[in-house]
Amino acid sequence: MKGTYLGEFQEIVLLTILVLDENAYGITIQDEIAKRTGREVSRGALHTALTRLNEKGFISSEYGGATAERGGRRKRYYQVTNLGKNALQEAKSVRDDLWNSVPKVTLQRS
Amino acid sequence: MKGASQNYIPPKYAKRFLKWYCKPDLYEDISGDIEEDFNQRYTSHGSRSARVKYTLDVIRFFRPFAVRKLFKTQINISMFSINSRIALRNLGKHKLYSFINISGLALGIAACLVIAHYVAFQLSFDTSFQHSDKLYRVHMTRHQSGVNQGTDPNVGFGLGPAITEAAPEIEKASLIHFYYDGAIVSKVKDSIASTPFQETDLIFVEPAFIDMFSLEFLSGNPKTALDNPNSVIITESIWRKYFGENASLPLGEILNIDGSWGERGAFTISGVIADFPDNSHLAVDILLPMSNLMKDSQYKSDGAAWGWSNFELYVQLIPQTTEGLVEEKVSGLMQKYVGEEMEQNSEERVLSLQSIQDLHLRSDVTGEEGAMNSIYFLVLIGAFILVIAWINFINLSTAKAAERSREVGVKKAMGALKKQIIQQFLTESFWLNLFATILGVFVAFLLLPKMGNIIGEEFKLDLTNQVTLILIGSMIFIGPLLAGIYPAFVMSAFKTTDSLKGNKNLGTSKVPLRKVLVVFQFVISTLMIAGTYVVSEQLDYMRNQSTGFEMEKILIVQGPRTRVQFESFQKFRNETSALAAVESFASSRSIPGAGYNWGTEMYKFGADKSSRKSVSVTWVDSEFIPTYELEMIAGRDFSDPINEAEDVNVANGAIINEATLEAYNLGTPEEALGEKLVISGTTMPIRGVTKDHNWKSLHSKITPSVFMYTVASKDYFSIKLNMQNTEETISAISGFYAENFPGNPIEYHFMNDFFNEQYKADREFGQIFNSFAVFAIVAACLGLFGLTAFSMLQKAKEIGIRKVLGAKMSHITYLFSKNYLVLILVANGLAIPLSYFSIEYWLQDFAYKIPITAKLFIIPVVLLMFIALITITFQTIKVARSNPIKSLRAE
């Protein structure tokens, strides 16, 4: 289905938001991805992904928690919507399905 | 997380930039994120790193999804696109009109680009050295008994040290000495010389020259490269020429240099420099140390330092001083060193400085002034052509106004503002100019290499050139305004009711301006044609003017540059003279068109020494005067010379020209034979008088000149041929030459070619002028063509009715051509006095010039009338011949 397709990076972003639970906003997502995957993600790339996800309805966001460190500006916290969770599940099940269909022998490294 | 107290200030501009471009709903958290990151980084990596990261972050966030609609002028953009669509449709609808407009403009733009390129090249001369603005050449102006004798750059070598002593503001100074007549150069490897070449751009310089002219060393040490008198610096091209394309840098290799200056023989390559810039008044291929030249014993004698004045002197001033300040200190320097001699001769020598940047176009040197004029001329022509093209645009647009008045009327009735109408027509003008510029750039691209061929430079369109870019930019953005503003105002000023009523006379009420503009175009065209005509007439005149000696049949062979035995010369002469096609063989130290040998002072024996005047001396052998068929009006030529004498010059006496008679009050030719002359201190009898002849180009007047006798010279051989079997004869002569003067490549010309080579600059000017004149005329005619085509279209009905009522075709043609013919006549009336002044101005440069006769004006005027008439009648006849039914059927 066009429009609900989940790209690899978008999937990582979604998962990261889930991992971070209540504390998912720009910087923490960026840091978490860096920590877990070793990928330095630029802010632009991240926000492109976030915008796309938002358009697809996979995430929602709300403002909260201004700190002086941010020049008094509020954070935008992200949550994964049910739609997003479904998409993640679906992606996972597609993969699992594929994994299960691979004959064991082929996986052994020659 | 850091406490609230750690709050640093991010880069101001980056922050502002973010705020400017970022979508408002994204801005708050993004800027917050970035700033949070910044604060963390500030404490962990320090201020610099954090600030850089912040800026980078901001810049990298500039992505389509994050950028808000930056230009609030959405309405204007959509208006522009609508206007553009209308404009493009209009252009497509009126193909002829668009074609005339665009091609005319493109011609103008192409001409401008080409001219700008050429002018930029000319202005760039000697500006590329690191110290260009501080380098000066020393000039000397001589006055004899208060009369200015001219300015030249020739000084004695004593001035080099003297000038730095006199003015401490002179940081560096270098004497230079040209390798007059060139040298034969060959590569020597294991004592075997390879094929020799003739080189002309050799120059002796002092070590300071390297730094002053910021020579770029590819190899070798710039500090020491000229210290050894037998070292030589070569340019990259010379390296490639002698050592092959793929050779390694030839440091330490040997070049054999053979010629008449300095030591002959082996020179060790001590440096290879990048090629000397083409756009310099100096042409340098090979640099030799001045110390080598100075070894010559002639420079060791007393007074040599001021007597040998074939040196030139360049100085570099310290940055803190000015030209005037230094000039003040050095101008009287000659007084200090040779004051006594100057006083005896009642002469005065004044030194001055001229910036090297001015030497190419604004030289002070006598005979070189005025090069800037041709630049002004060209700029003017370029501007004219462009103006012609813009006038076409204005004329055609206003002519079309009537047709478009209905469109404007409807728009206005629907509530369009005047401003919007103006915008619409400016948009149209913009598109026209844009297309024209693209086409013009293309034409210029094709044209520049051709122009380069004319002046012998490699030219190609360089779109990275600043001048070109500015020009193209202004053509696209300012051009539409200049050309479009008037028509736009005319159109927008239509009264709604009038235009909707279909009042066709709207446009024509503005006729006076259009007429004025047409007249202006044709004034310029006439001027251009007259200019072209005069230049070609003058060139023809100079080429065909009798110079006073035989030119057609004389073959000039340059003598060998290396030292040769007199026997080899004799053998060559005998073998050549024995050829059936050779009528005579003369040798001389110079030939017409190659200058004189010696410029010195002379006075009549018995007169006061203060009556000295400059005179030019040339040494010729006994065959020279008969070979060139110079007419003797009194006395004898050198046919029966005395070869054994204490002073051969004095024993054989001098042969003078008529100009000398007059200048030195020698009376009639016969009376002069009894007189004597004191030439640079030596008293000499007058042996004969020749008729005046043009030793130099017809730019200059015939000046007093003297022939002296020499047994033979190896500088120039003049061989008179009977012009039968010429090719065979020349190849036979080449054979003898190679045999007798091994190692010297032969170089030969016919005398007329050689002499006319002096008019190269005039010829180039003529050709360039010519091509642009064609441009201007084509542009003007395009405009005229468009105008007539248009008015014919408008009057198609009138013509139809006239035809139906029985008007003859010739009558109709006359009726509609009349208006324009009157305009062209008026234009001619204005152009004639203008061209008279310009012709007179241009001809000032020539000592021998064509008289300004009526022919010079009548021919251009008639020619232009003819061209214009063809343009007009082409249209009128077409319409007049058309079937009246066609035009009358409608309505």
# chains A, B, ... in the order shown; residues from 1 in each chain; ligands from 1

$ residues_around --residues "segment 71-79 of chain A" --least-positions-apart "2" --cutoff "8 Å" --atoms "only C-alpha atoms" --output "VMD selection string"
(chain A and resid 17 to 18 21 to 26 59 to 69 81) or (chain B and resid 7 28 to 29 31 to 33 35 to 36)

$ interface_residues --of "chain B" --to "chain A" --cutoff "12 Å" --atoms "only C-alpha atoms" --output "tab-separated table (two decimals) with N, CA, C and O atoms, in the first residue's frame"
chain	number	residue	atom	x	y	z
B	1	MET	N	21.94	16.61	31.81
B	1	MET	CA	21.31	17.91	31.61
B	1	MET	C	21.99	18.99	32.45
B	1	MET	O	22.36	18.76	33.58
B	2	LYS	N	22.10	20.08	31.90
B	2	LYS	CA	22.81	21.14	32.60
B	2	LYS	C	21.82	22.04	33.31
B	2	LYS	O	20.64	22.09	32.96
B	3	GLY	N	22.34	22.73	34.29
B	3	GLY	CA	21.48	23.66	35.03
B	3	GLY	C	21.14	24.87	34.19
B	3	GLY	O	21.73	25.12	33.15
B	4	ALA	N	20.20	25.63	34.71
B	4	ALA	CA	19.71	26.78	33.96
B	4	ALA	C	20.76	27.87	33.84
B	4	ALA	O	20.68	28.72	32.97
B	5	SER	N	21.76	27.82	34.75
B	5	SER	CA	22.75	28.89	34.73
B	5	SER	C	23.66	28.80	33.49
B	5	SER	O	24.17	29.80	33.02
B	6	GLN	N	23.84	27.54	32.95
B	6	GLN	CA	24.69	27.40	31.77
B	6	GLN	C	23.92	27.79	30.52
B	6	GLN	O	23.32	26.94	29.88
B	7	ASN	N	23.93	29.04	30.22
B	7	ASN	CA	23.22	29.43	29.02
B	7	ASN	C	24.11	30.31	28.15
B	7	ASN	O	24.46	31.41	28.54
B	8	TYR	N	24.47	29.77	26.99
B	8	TYR	CA	25.39	30.51	26.13
B	8	TYR	C	24.64	31.11	24.97
B	8	TYR	O	23.52	30.71	24.66
B	9	ILE	N	25.31	32.06	24.33
B	9	ILE	CA	24.62	32.75	23.23
B	9	ILE	C	25.04	32.15	21.88
B	9	ILE	O	26.21	32.17	21.54
B	10	PRO	N	24.09	31.61	21.15
B	10	PRO	CA	24.43	31.01	19.86
B	10	PRO	C	24.72	32.09	18.81
B	10	PRO	O	24.36	33.25	19.01
B	15	LYS	N	21.11	32.04	13.85
B	15	LYS	CA	19.84	32.00	14.55
B	15	LYS	C	18.76	32.76	13.77
B	15	LYS	O	17.65	32.29	13.57
B	22	CYS	N	12.51	28.92	8.68
B	22	CYS	CA	11.86	27.75	9.24
B	22	CYS	C	10.34	27.94	9.30
B	22	CYS	O	9.84	29.02	9.60
B	25	ASP	N	5.51	26.40	12.62
B	25	ASP	CA	5.12	25.33	13.54
B	25	ASP	C	6.29	24.40	13.86
B	25	ASP	O	6.25	23.65	14.82
B	26	LEU	N	7.32	24.44	13.02
B	26	LEU	CA	8.49	23.62	13.34
B	26	LEU	C	9.50	24.39	14.17
B	26	LEU	O	10.32	23.82	14.86
B	27	TYR	N	9.39	25.71	14.07
B	27	TYR	CA	10.48	26.54	14.58
B	27	TYR	C	10.76	26.32	16.06
B	27	TYR	O	11.90	26.15	16.48
B	28	GLU	N	9.70	26.29	16.85
B	28	GLU	CA	9.92	26.29	18.29
B	28	GLU	C	10.76	25.10	18.75
B	28	GLU	O	11.78	25.24	19.41
B	29	ASP	N	10.32	23.89	18.35
B	29	ASP	CA	11.07	22.75	18.88
B	29	ASP	C	12.41	22.57	18.20
B	29	ASP	O	13.38	22.20	18.81
B	30	ILE	N	12.47	22.90	16.91
B	30	ILE	CA	13.76	22.76	16.22
B	30	ILE	C	14.80	23.69	16.83
B	30	ILE	O	15.89	23.27	17.21
B	31	SER	N	14.43	24.95	16.93
B	31	SER	CA	15.41	25.89	17.47
B	31	SER	C	15.77	25.49	18.89
B	31	SER	O	16.92	25.62	19.32
B	32	GLY	N	14.76	24.97	19.61
B	32	GLY	CA	15.04	24.49	20.95
B	32	GLY	C	16.03	23.35	20.94
B	32	GLY	O	17.02	23.35	21.67
B	33	ASP	N	15.79	22.38	20.07
B	33	ASP	CA	16.69	21.23	19.96
B	33	ASP	C	18.11	21.68	19.64
B	33	ASP	O	19.08	21.25	20.27
B	34	ILE	N	18.20	22.53	18.62
B	34	ILE	CA	19.53	22.96	18.19
B	34	ILE	C	20.24	23.69	19.33
B	34	ILE	O	21.41	23.49	19.59
B	35	GLU	N	19.48	24.50	20.00
B	35	GLU	CA	20.11	25.28	21.06
B	35	GLU	C	20.53	24.39	22.24
B	35	GLU	O	21.58	24.60	22.85
B	36	GLU	N	19.71	23.39	22.52
B	36	GLU	CA	20.07	22.46	23.58
B	36	GLU	C	21.38	21.76	23.25
B	36	GLU	O	22.29	21.66	24.07
B	37	ASP	N	21.42	21.29	22.02
B	37	ASP	CA	22.64	20.65	21.53
B	37	ASP	C	23.84	21.58	21.67
B	37	ASP	O	24.92	21.19	22.09
B	38	PHE	N	23.58	22.81	21.32
B	38	PHE	CA	24.63	23.83	21.35
B	38	PHE	C	25.18	24.02	22.77
B	38	PHE	O	26.38	24.05	22.99
B	39	ASN	N	24.26	24.10	23.70
B	39	ASN	CA	24.69	24.30	25.08
B	39	ASN	C	25.50	23.13	25.61
B	39	ASN	O	26.51	23.31	26.28
B	40	GLN	N	25.06	21.94	25.23
B	40	GLN	CA	25.81	20.76	25.67
B	40	GLN	C	27.22	20.75	25.07
B	40	GLN	O	28.20	20.50	25.73
B	41	ARG	N	27.23	21.04	23.80
B	41	ARG	CA	28.50	21.00	23.09
B	41	ARG	C	29.44	22.10	23.61
B	41	ARG	O	30.64	21.91	23.67
B	42	TYR	N	28.82	23.19	24.00
B	42	TYR	CA	29.61	24.32	24.49
B	42	TYR	C	30.42	23.91	25.71
B	42	TYR	O	31.60	24.21	25.83
B	43	THR	N	29.77	23.17	26.60
B	43	THR	CA	30.48	22.77	27.81
B	43	THR	C	31.44	21.62	27.54
B	43	THR	O	32.49	21.53	28.16
B	53	LYS	N	29.11	24.07	14.97
B	53	LYS	CA	28.09	23.01	14.87
B	53	LYS	C	26.70	23.63	14.75
B	53	LYS	O	25.89	23.19	13.93
B	54	TYR	N	26.47	24.67	15.52
B	54	TYR	CA	25.18	25.35	15.50
B	54	TYR	C	24.88	25.86	14.09
B	54	TYR	O	23.82	25.61	13.52
B	56	LEU	N	26.25	24.96	11.29
B	56	LEU	CA	26.11	23.84	10.36
B	56	LEU	C	24.72	23.23	10.48
B	56	LEU	O	24.07	22.94	9.47
B	57	ASP	N	24.30	23.07	11.74
B	57	ASP	CA	22.98	22.51	11.97
B	57	ASP	C	21.90	23.32	11.28
B	57	ASP	O	21.01	22.78	10.62
B	58	VAL	N	22.03	24.63	11.45
B	58	VAL	CA	21.02	25.51	10.87
B	58	VAL	C	21.03	25.39	9.36
B	58	VAL	O	19.99	25.27	8.71
B	59	ILE	N	22.24	25.36	8.80
B	59	ILE	CA	22.33	25.30	7.35
B	59	ILE	C	21.82	23.96	6.83
B	59	ILE	O	21.08	23.89	5.85
B	60	ARG	N	22.17	22.90	7.56
B	60	ARG	CA	21.77	21.58	7.08
B	60	ARG	C	20.27	21.33	7.24
B	60	ARG	O	19.72	20.45	6.64
B	61	PHE	N	19.68	22.13	8.06
B	61	PHE	CA	18.25	21.96	8.25
B	61	PHE	C	17.44	22.65	7.16
B	61	PHE	O	16.23	22.53	7.10
B	62	PHE	N	18.14	23.37	6.32
B	62	PHE	CA	17.47	24.10	5.24
B	62	PHE	C	17.00	23.09	4.19
B	62	PHE	O	17.64	22.89	3.17
B	63	ARG	N	15.91	22.41	4.49
B	63	ARG	CA	15.41	21.38	3.59
B	63	ARG	C	13.99	21.72	3.19
B	63	ARG	O	13.28	22.42	3.93
B	64	PRO	N	13.56	21.21	2.05
B	64	PRO	CA	12.25	21.61	1.54
B	64	PRO	C	11.13	21.50	2.58
B	64	PRO	O	10.32	22.43	2.70
B	65	PHE	N	11.12	20.41	3.35
B	65	PHE	CA	9.97	20.25	4.25
B	65	PHE	C	9.97	21.27	5.37
B	65	PHE	O	8.92	21.57	5.94
B	66	ALA	N	11.18	21.80	5.68
B	66	ALA	CA	11.27	22.70	6.82
B	66	ALA	C	11.13	24.16	6.43
B	66	ALA	O	10.97	25.03	7.28
B	67	VAL	N	11.19	24.43	5.10
B	67	VAL	CA	11.25	25.82	4.69
B	67	VAL	C	9.85	26.35	4.43
B	67	VAL	O	9.06	25.72	3.73

$ residues_around --residues "segment 825-833 of chain B" --least-positions-apart "5" --cutoff "7 Å" --atoms "only C-alpha atoms" --output "PyMOL selection string"
chain B and resi 519-520+522-523+526-527+857+861

$ write_last_selection --atoms "N, CA, C and O atoms" --output "CSV table (one decimal), in the first residue's frame"
chain,number,residue,atom,x,y,z
B,519,VAL,N,15.7,58.4,-37.7
B,519,VAL,CA,16.8,59.3,-38.2
B,519,VAL,C,18.1,59.0,-37.4
B,519,VAL,O,19.1,58.9,-38.1
B,520,PHE,N,18.0,58.9,-36.1
B,520,PHE,CA,19.2,58.6,-35.3
B,520,PHE,C,19.9,57.4,-35.8
B,520,PHE,O,21.1,57.3,-36.0
B,522,PHE,N,19.8,56.0,-38.7
B,522,PHE,CA,20.5,56.1,-40.0
B,522,PHE,C,21.6,57.1,-40.0
B,522,PHE,O,22.6,57.0,-40.8
B,523,VAL,N,21.6,58.0,-39.0
B,523,VAL,CA,22.8,58.9,-38.9
B,523,VAL,C,24.0,58.0,-38.5
B,523,VAL,O,25.1,58.0,-39.1
B,526,THR,N,25.1,55.8,-41.4
B,526,THR,CA,25.8,56.5,-42.4
B,526,THR,C,27.3,56.8,-41.9
B,526,THR,O,28.2,56.6,-42.7
B,527,LEU,N,27.4,57.1,-40.7
B,527,LEU,CA,28.7,57.3,-40.1
B,527,LEU,C,29.6,56.1,-40.2
B,527,LEU,O,30.7,56.1,-40.6
B,857,PHE,N,31.7,61.3,-49.0
B,857,PHE,CA,30.4,61.4,-48.4
B,857,PHE,C,29.3,60.8,-49.3
B,857,PHE,O,28.4,60.2,-48.9
B,861,VAL,N,26.5,57.8,-48.6
B,861,VAL,CA,25.1,58.2,-48.6
B,861,VAL,C,24.3,57.5,-49.6
B,861,VAL,O,23.2,56.9,-49.3

$ residues_around --residues "Ile12 of chain A" --least-positions-apart "2" --cutoff "12 Å" --atoms "only C-alpha atoms" --output "list in words"
Leu6, Gly7, Glu8, Phe9, Gln10, Leu14, Leu15, Thr16, Ile17, Leu18, Val19, Ile29, Gln30, Glu32, Ile33, Ala34, Arg36, Thr37, Arg39, Val41, Leu46, Ala49, Leu50, Leu53, Leu88, Ala91 and Lys92 of chain A

$ write_last_selection --atoms "N, CA, C and O atoms" --output "mmCIF file, in the first residue's frame"
data_model
loop_
_atom_site.group_PDB
_atom_site.id
_atom_site.type_symbol
_atom_site.label_atom_id
_atom_site.label_comp_id
_atom_site.auth_asym_id
_atom_site.auth_seq_id
_atom_site.Cartn_x
_atom_site.Cartn_y
_atom_site.Cartn_z
ATOM 1 N N LEU A 6 6.546 1.572 5.280
ATOM 2 C CA LEU A 6 7.457 2.001 6.342
ATOM 3 C C LEU A 6 8.897 1.799 5.890
ATOM 4 O O LEU A 6 9.321 0.661 5.676
ATOM 5 N N GLY A 7 9.617 2.887 5.723
ATOM 6 C CA GLY A 7 11.015 2.767 5.312
ATOM 7 C C GLY A 7 11.866 2.259 6.462
ATOM 8 O O GLY A 7 11.450 2.305 7.629
ATOM 9 N N GLU A 8 13.070 1.815 6.118
ATOM 10 C CA GLU A 8 13.936 1.228 7.137
ATOM 11 C C GLU A 8 14.272 2.236 8.222
ATOM 12 O O GLU A 8 14.143 1.971 9.413
ATOM 13 N N PHE A 9 14.599 3.436 7.792
ATOM 14 C CA PHE A 9 14.976 4.456 8.768
ATOM 15 C C PHE A 9 13.776 4.886 9.599
ATOM 16 O O PHE A 9 13.853 5.071 10.812
ATOM 17 N N GLN A 10 12.646 4.991 8.910
ATOM 18 C CA GLN A 10 11.431 5.379 9.625
ATOM 19 C C GLN A 10 11.094 4.349 10.702
ATOM 20 O O GLN A 10 10.679 4.686 11.811
ATOM 21 N N LEU A 14 10.634 5.037 14.634
ATOM 22 C CA LEU A 14 9.441 4.628 15.382
ATOM 23 C C LEU A 14 9.810 3.803 16.604
ATOM 24 O O LEU A 14 9.351 4.063 17.721
ATOM 25 N N LEU A 15 10.697 2.816 16.363
ATOM 26 C CA LEU A 15 11.110 1.955 17.465
ATOM 27 C C LEU A 15 11.811 2.754 18.555
ATOM 28 O O LEU A 15 11.566 2.554 19.747
ATOM 29 N N THR A 16 12.642 3.667 18.116
ATOM 30 C CA THR A 16 13.367 4.478 19.091
ATOM 31 C C THR A 16 12.399 5.285 19.954
ATOM 32 O O THR A 16 12.580 5.416 21.166
ATOM 33 N N ILE A 17 11.367 5.822 19.307
ATOM 34 C CA ILE A 17 10.375 6.584 20.080
ATOM 35 C C ILE A 17 9.730 5.673 21.128
ATOM 36 O O ILE A 17 9.563 6.059 22.288
ATOM 37 N N LEU A 18 9.442 4.470 20.703
ATOM 38 C CA LEU A 18 8.856 3.531 21.644
ATOM 39 C C LEU A 18 9.810 3.228 22.799
ATOM 40 O O LEU A 18 9.426 3.179 23.963
ATOM 41 N N VAL A 19 11.086 3.038 22.443
ATOM 42 C CA VAL A 19 12.090 2.745 23.459
ATOM 43 C C VAL A 19 12.177 3.872 24.468
ATOM 44 O O VAL A 19 12.226 3.666 25.677
ATOM 45 N N ILE A 29 15.955 11.403 20.624
ATOM 46 C CA ILE A 29 15.826 10.423 19.536
ATOM 47 C C ILE A 29 17.134 10.310 18.781
ATOM 48 O O ILE A 29 17.657 9.221 18.533
ATOM 49 N N GLN A 30 17.667 11.461 18.486
ATOM 50 C CA GLN A 30 18.934 11.515 17.750
ATOM 51 C C GLN A 30 20.026 10.755 18.519
ATOM 52 O O GLN A 30 20.733 9.921 17.955
ATOM 53 N N GLU A 32 19.693 8.549 20.912
ATOM 54 C CA GLU A 32 19.391 7.134 21.083
ATOM 55 C C GLU A 32 19.757 6.345 19.817
ATOM 56 O O GLU A 32 20.354 5.270 19.895
ATOM 57 N N ILE A 33 19.398 6.908 18.675
ATOM 58 C CA ILE A 33 19.729 6.227 17.414
ATOM 59 C C ILE A 33 21.233 6.084 17.297
ATOM 60 O O ILE A 33 21.749 5.022 16.953
ATOM 61 N N ALA A 34 21.927 7.174 17.628
ATOM 62 C CA ALA A 34 23.383 7.139 17.545
ATOM 63 C C ALA A 34 23.932 6.050 18.458
ATOM 64 O O ALA A 34 24.851 5.310 18.108
ATOM 65 N N ARG A 36 22.454 3.372 19.685
ATOM 66 C CA ARG A 36 22.080 1.978 19.417
ATOM 67 C C ARG A 36 22.558 1.480 18.064
ATOM 68 O O ARG A 36 22.863 0.301 17.915
ATOM 69 N N THR A 37 22.544 2.333 17.061
ATOM 70 C CA THR A 37 22.901 1.843 15.723
ATOM 71 C C THR A 37 24.269 2.337 15.272
ATOM 72 O O THR A 37 24.791 1.883 14.273
ATOM 73 N N ARG A 39 24.781 5.147 14.049
ATOM 74 C CA ARG A 39 24.607 6.043 12.893
ATOM 75 C C ARG A 39 24.491 7.480 13.382
ATOM 76 O O ARG A 39 23.651 7.779 14.210
ATOM 77 N N VAL A 41 22.955 10.649 12.827
ATOM 78 C CA VAL A 41 21.848 11.118 12.010
ATOM 79 C C VAL A 41 21.795 12.636 12.103
ATOM 80 O O VAL A 41 21.833 13.193 13.194
ATOM 81 N N LEU A 46 16.521 13.447 10.377
ATOM 82 C CA LEU A 46 15.591 12.954 11.387
ATOM 83 C C LEU A 46 14.228 13.619 11.232
ATOM 84 O O LEU A 46 13.193 12.969 11.244
ATOM 85 N N ALA A 49 12.203 12.456 8.387
ATOM 86 C CA ALA A 49 11.525 11.201 8.715
ATOM 87 C C ALA A 49 10.319 11.458 9.624
ATOM 88 O O ALA A 49 9.224 10.930 9.400
ATOM 89 N N LEU A 50 10.518 12.315 10.633
ATOM 90 C CA LEU A 50 9.424 12.607 11.566
ATOM 91 C C LEU A 50 8.241 13.236 10.838
ATOM 92 O O LEU A 50 7.081 12.900 11.096
ATOM 93 N N LEU A 53 6.447 10.564 8.924
ATOM 94 C CA LEU A 53 5.702 9.685 9.831
ATOM 95 C C LEU A 53 4.433 10.379 10.312
ATOM 96 O O LEU A 53 3.371 9.775 10.428
ATOM 97 N N LEU A 88 4.230 -1.113 12.596
ATOM 98 C CA LEU A 88 5.436 -1.781 13.089
ATOM 99 C C LEU A 88 5.206 -3.290 13.174
ATOM 100 O O LEU A 88 6.042 -4.088 12.738
ATOM 101 N N ALA A 91 5.168 -4.800 9.781
ATOM 102 C CA ALA A 91 6.517 -4.904 9.222
ATOM 103 C C ALA A 91 7.246 -6.082 9.846
ATOM 104 O O ALA A 91 7.946 -6.847 9.181
ATOM 105 N N LYS A 92 7.067 -6.195 11.148
ATOM 106 C CA LYS A 92 7.765 -7.275 11.849
ATOM 107 C C LYS A 92 7.260 -8.629 11.367
ATOM 108 O O LYS A 92 8.044 -9.539 11.089
#

$ closest_residue --among "A:Phe58, A:Ser101, A:Val13, A:Lys35" --to "Lys85 of chain A" --atoms "only C-alpha atoms"
A:Phe58

$ residues_around --residues "Ser128 of chain B" --least-positions-apart "4" --cutoff "8 Å" --atoms "only C-alpha atoms" --output "VMD selection string"
chain B and resid 124 132 277

$ atom_distance --atom1 "atom CA of Glu312 of chain B" --atom2 "atom CA of Arg561 of chain B"
23.2 Å

$ residues_around --residues "Ser270 of chain B" --least-positions-apart "2" --cutoff "10 Å" --atoms "only C-alpha atoms" --output "list in words"
Ser219, Gly220, Asn221, Pro222, Thr224, Ala225, Leu226, Asp227, Asn228, Asn230, Ser231, Val232, Ile233, Ile234, Pro250, Leu251, Gly252, Glu253, Ile254, Phe267, Thr268 and Val272 of chain B

$ closest_residue --among "B:Phe489, B:Tyr180, B:Tyr709, B:Phe624" --to "Ile642 of chain B" --atoms "only C-alpha atoms"
B:Tyr709

$ residues_around --residues "segment 799-813 of chain B" --least-positions-apart "6" --cutoff "12 Å" --atoms "only C-alpha atoms" --output "PyMOL selection string"
chain B and resi 788+791-793+819-821+869-870+872-890

$ select_by_dssp --residues "segment 410-491 of chain B" --states "helix (DSSP H, G or I)" --output "PyMOL selection string"
chain B and resi 410-413+418-455+466-477+479-491

$ closest_residue --among "B:Asn345, B:Ser697, B:Ser731, B:Ser291" --to "Arg543 of chain B" --atoms "only C-alpha atoms"
B:Ser697

$ select_by_dssp --residues "segment 122-239 of chain B" --states "strand (DSSP E)" --output "PyMOL selection string"
chain B and resi 135-144+147-152+170-178+183-189+192-193+197-199+202-205+217-220+231-235

$ atom_distance --atom1 "atom CA of Ser214 of chain B" --atom2 "atom CA of Glu323 of chain B"
20.5 Å

$ atom_distance --atom1 "atom CA of Leu83 of chain A" --atom2 "atom CA of Lys56 of chain A"
8.8 Å

$ decode --residues "segment 811-820 of chain B" --atoms "N, CA and C atoms" --output "compact mmCIF listing (two decimals), in the first residue's frame"
# COMPACT_ATOMS: atom_id res chain seq x y z
N HIS B 811 3.21 53.98 -58.43
CA HIS B 811 2.71 55.11 -57.66
C HIS B 811 2.56 54.74 -56.18
N ILE B 812 2.01 53.55 -55.96
CA ILE B 812 1.82 53.11 -54.57
C ILE B 812 3.16 52.93 -53.88
N THR B 813 4.08 52.30 -54.60
CA THR B 813 5.41 52.10 -54.04
C THR B 813 6.02 53.43 -53.63
N TYR B 814 5.91 54.39 -54.53
CA TYR B 814 6.48 55.70 -54.26
C TYR B 814 5.81 56.35 -53.05
N LEU B 815 4.50 56.23 -53.03
CA LEU B 815 3.73 56.89 -51.98
C LEU B 815 4.15 56.42 -50.58
N PHE B 816 4.37 55.12 -50.49
CA PHE B 816 4.66 54.61 -49.16
C PHE B 816 6.14 54.58 -48.81
N SER B 817 7.00 54.69 -49.83
CA SER B 817 8.43 54.75 -49.56
C SER B 817 8.83 56.17 -49.19
N LYS B 818 8.04 57.10 -49.69
CA LYS B 818 8.37 58.52 -49.58
C LYS B 818 8.71 58.93 -48.15
N ASN B 819 7.82 58.55 -47.24
CA ASN B 819 8.00 58.96 -45.85
C ASN B 819 9.37 58.59 -45.31
N TYR B 820 9.73 57.35 -45.58
CA TYR B 820 11.00 56.87 -45.02
C TYR B 820 12.17 57.48 -45.75
